[in-house]
Amino acid sequence: MAVETTTRAKLRWGLLDVLVVVFALVPVLWIASLSFKTPATLTDGNFIPREWTLDNYRTIFHTDQFVRALVNSIGVALIATLIAVVLGAMAAYAISRLDFPGKKLLVGVSLLIAMFPQVSLVSPLFEIERQLKIFDTWLGLILPYITFALPLAIYTLSAFFKQIPWDLEKAAKMDGATQGQAFRRVIAPLAAPGLFTTAILVFIFCWNDFLFAISLTSTERSRTVPAALSFFTGASQFEDPTGAICAAAVVITVPIILFVLFFQRRIVSGLTSGAVKG
Amino acid sequence: MSINATPTGADVAAEETRRPAAVPKQRGGRRKPPLSENKKAERKLGLLLCAPAALVMIAVTAYPIIYSVWLSLQRFDLRFPDQREFIGLENYVTVLTNEFWWTAFGVTMLITVVTVAVELVLGMGLAIIMHRTLVGRGLVRTSALIPYGIVTVVAAFSWRYAWTPGTGYLADLFSDGAPLTERASSLAIIMLAEIWKTTPFMALLLMAGLALVPEDLLKAASTDGATAWQKFTKVMLPVMKPAILVALLFRTLDAFRVFDNIFVLTAGGNETSSVSMLAYNNLIRGLNLGIGSTMSVLIFITVAIIAFVFVKLFGTAAPGSDDGERR
């Protein structure tokens, strides 16, 4: 009897699982399917391609427009992630471990920024960056990305830092290490998994951005892939860009899929701990 | 330890709690200076470690938002830079009496309310599945993270082509042709795309709350004969309330910023612009910095009001009210 109910329960959960998986994957599979279709079958409305081709991928990797945008995307996201995680880790360590004036203020400010309407910054940043001559440069994008990634980094990292066995730090200080040394030698290695998870979350955020990318760039010099997609044309100007757009879309989705596949557990714990307990 | 034994241990402790931050000047005393030096070093290190993050955040948000208030008080069209002048609140009058602004405002509100409500229900379901499923937990969680992680613009293109007549697998669902060329169906598709993308995030926040529900409380409720629904409303919901409020706050403010999906799906056509879309159009397409900044300021004020109402209504349950911030 008991065995039977668990089987039935399992079946019911299994059915729900399938529902979730289908719900989550169909749009992704659809754009992948479009990217493999030949121009002739592109408009047949079939979910699975009747004729498969890699031409769309060949096209985009032979156009400067896409390759340049991909380089921009990777460069901007990596640099912004690195800086945000380093600055965020310093602040999160101070917040979770040290007693100093202005701590609450910092937490409050980062919370405000997490909820800040980004479009409110577009007009002033557009003008300020033009005056500083950093409009349409990597730096012009990296700055706002760091800013909006910092609250995420600080919250997630504070949550991670609180789980670290701090007695080790005390022991290190007992052995004569300074606070700074204790941070570098003892805590940093322990915090590495948290740092890594935060880096993934921040990278996804930067990789994802569209509003800043399209407002603060004007040429291929710094336009990232999400922004470049809407300027795509096919191999020639008269060709339908659908296949090329889909192929490019798939290319920038691959890193996300890999992160999710390999680090599901970390991402889930990072998002849940940072968001609620932070 | 006990060379100068005049003050007792208790006295020293009391002295310290009375003025914990005081830094004694004399370096001769053997017992207190090391602690105070430490305290001083700790404060200094704390400020030092936070300074870069704080500086970047303030430089890139506070200064621009003030600058944007200044810009909003000027007539400033980049196509006619000679006509730049201070005009007080005239831009605000222009925007607030403009029907496009109010249409966009209505659209944004509608999208915010509908998507957040639907996401709360779906997200709760998804959270329960991710938390309690007996089979394939990893698989479900991994799949659910895909909408969360995927680039919004990519997902938006997928939805756009799905509803494009001829190309898409969904286009024939409704008989009357091109759903992205009519207002009601466009709005519905925008909301669908938003819901698909952000339900997993909502679910993850809710799942954190679910993890706090004590297992034995649920078991006790079962033995007392509670139905699944009663367990949900009487046991789980009260425990999850803080998590739900956090999720609602974050998602509401996030939904209010809706931009990417609209840009790709309709480009704001057929009166489907959100306030973000309208501000972007005035700034980048219209190059009107004065009007664009005015809209930026108005959006900022609206978001501040929403956040304020949330925090006022829910008080200590809001994030940052720092019950978790103490060590």
# chains A, B, ... in the order shown; residues from 1 in each chain; ligands from 1

call {"tool": "residues_around", "arguments": {"residues": "Glu194 of chain B", "least_positions_apart": "6", "cutoff": "12 Å", "atoms": "only C-alpha atoms", "output": "PyMOL selection string"}}
result
chain B and resi 111-116+118-119+147-148+152-153+155-156+159+187-188+200-202+251+254-262+265

call {"tool": "interface_residues", "arguments": {"of": "chain A", "to": "chain B", "cutoff": "6 Å", "atoms": "only C-alpha atoms", "output": "VMD selection string"}}
result
chain A and resid 10 13 17 21 24 27 31 43 to 45 87 90 to 91 94 98 100 119 to 120 123 to 124 147 208 249 256 264 272 277

call {"tool": "residues_around", "arguments": {"residues": "Ala104 of chain B", "least_positions_apart": "3", "cutoff": "10 Å", "atoms": "only C-alpha atoms", "output": "compact mmCIF listing (two decimals) with C-alpha atoms, in the first residue's frame"}}
result
# COMPACT_ATOMS: atom_id res chain seq x y z
CA GLU B 99 -1.41 61.83 -23.21
CA PHE B 100 1.48 59.62 -24.39
CA TRP B 101 3.01 59.84 -20.93
CA VAL B 107 0.62 50.38 -19.67
CA THR B 108 3.50 50.14 -17.20
CA MET B 109 1.14 49.89 -14.23
CA LEU B 110 -0.98 47.27 -15.97
CA GLY B 268 6.43 50.53 -28.41
CA GLU B 271 0.50 52.25 -27.68
CA THR B 272 2.44 49.53 -25.91
CA SER B 273 5.25 51.80 -24.69
CA SER B 274 6.22 51.62 -21.05
CA VAL B 275 7.55 54.71 -19.27
CA SER B 276 11.10 53.41 -19.70
CA MET B 277 10.50 52.95 -23.42
CA LEU B 278 9.07 56.47 -23.72
CA ALA B 279 11.99 58.03 -21.84

call {"tool": "atom_distance", "arguments": {"atom1": "atom CA of Ile214 of chain A", "atom2": "atom CA of Ile142 of chain A"}}
result
13.5 Å

call {"tool": "closest_atom_pairs", "arguments": {"of": "segment 109-168 of chain A", "to": "segment 68-80 of chain A", "cutoff": "7 Å", "atoms": "only C-alpha atoms", "output": "CSV"}}
result
residue,atom,partner,partner_atom,distance
A:Trp138,CA,A:Val76,CA,6.0
A:Ile142,CA,A:Ala80,CA,5.3
A:Tyr145,CA,A:Ala80,CA,6.3
A:Ile146,CA,A:Ala80,CA,5.4

call {"tool": "closest_residue", "arguments": {"among": "B:Phe80, B:Ser185, B:Leu212, B:Thr198", "to": "Leu120 of chain B", "atoms": "only C-alpha atoms"}}
result
B:Thr198

call {"tool": "atom_distance", "arguments": {"atom1": "atom CA of Trp52 of chain A", "atom2": "atom CA of Thr242 of chain A"}}
result
15.2 Å

call {"tool": "select_by_dssp", "arguments": {"residues": "segment 51-121 of chain B", "states": "helix (DSSP H, G or I)", "output": "PyMOL selection string"}}
result
chain B and resi 51-72+81-83+90-96+99-121

call {"tool": "atom_distance", "arguments": {"atom1": "atom CA of Leu190 of chain A", "atom2": "atom CA of Leu152 of chain A"}}
result
20.0 Å

call {"tool": "residues_around", "arguments": {"residues": "Lys37 of chain A", "least_positions_apart": "4", "cutoff": "7 Å", "atoms": "only C-alpha atoms", "output": "VMD selection string"}}
result
chain A and resid 33 41 to 42 49 51 to 53

call {"tool": "write_last_selection", "arguments": {"atoms": "N, CA and C atoms", "output": "short mmCIF file (atom, residue, chain, number, x, y, z; two decimals), in the first residue's frame"}}
result
data_model
loop_
_atom_site.label_atom_id
_atom_site.label_comp_id
_atom_site.auth_asym_id
_atom_site.auth_seq_id
_atom_site.Cartn_x
_atom_site.Cartn_y
_atom_site.Cartn_z
N SER A 33 16.08 26.13 -32.90
CA SER A 33 15.55 25.50 -34.11
C SER A 33 15.58 26.47 -35.28
N THR A 41 13.18 27.11 -45.50
CA THR A 41 12.23 26.51 -44.56
C THR A 41 12.00 27.40 -43.34
N LEU A 42 12.62 28.58 -43.35
CA LEU A 42 12.55 29.45 -42.18
C LEU A 42 11.11 29.84 -41.85
N PRO A 49 13.25 21.85 -37.40
CA PRO A 49 13.65 22.15 -38.79
C PRO A 49 13.50 20.93 -39.70
N GLU A 51 14.96 21.00 -42.81
CA GLU A 51 16.31 20.94 -43.37
C GLU A 51 17.25 21.65 -42.40
N TRP A 52 18.34 20.97 -42.07
CA TRP A 52 19.28 21.55 -41.10
C TRP A 52 20.44 22.21 -41.82
N THR A 53 20.91 23.33 -41.28
CA THR A 53 22.08 23.98 -41.86
C THR A 53 22.85 24.74 -40.77
#

call {"tool": "closest_residue", "arguments": {"among": "A:Ile187, A:Leu271, A:Ala248, A:Val260", "to": "Ala32 of chain A", "atoms": "only C-alpha atoms"}}
result
A:Ala248

call {"tool": "closest_residue", "arguments": {"among": "A:Leu141, A:Leu258, A:Leu132, A:Ile95", "to": "Leu157 of chain A", "atoms": "only C-alpha atoms"}}
result
A:Ile95
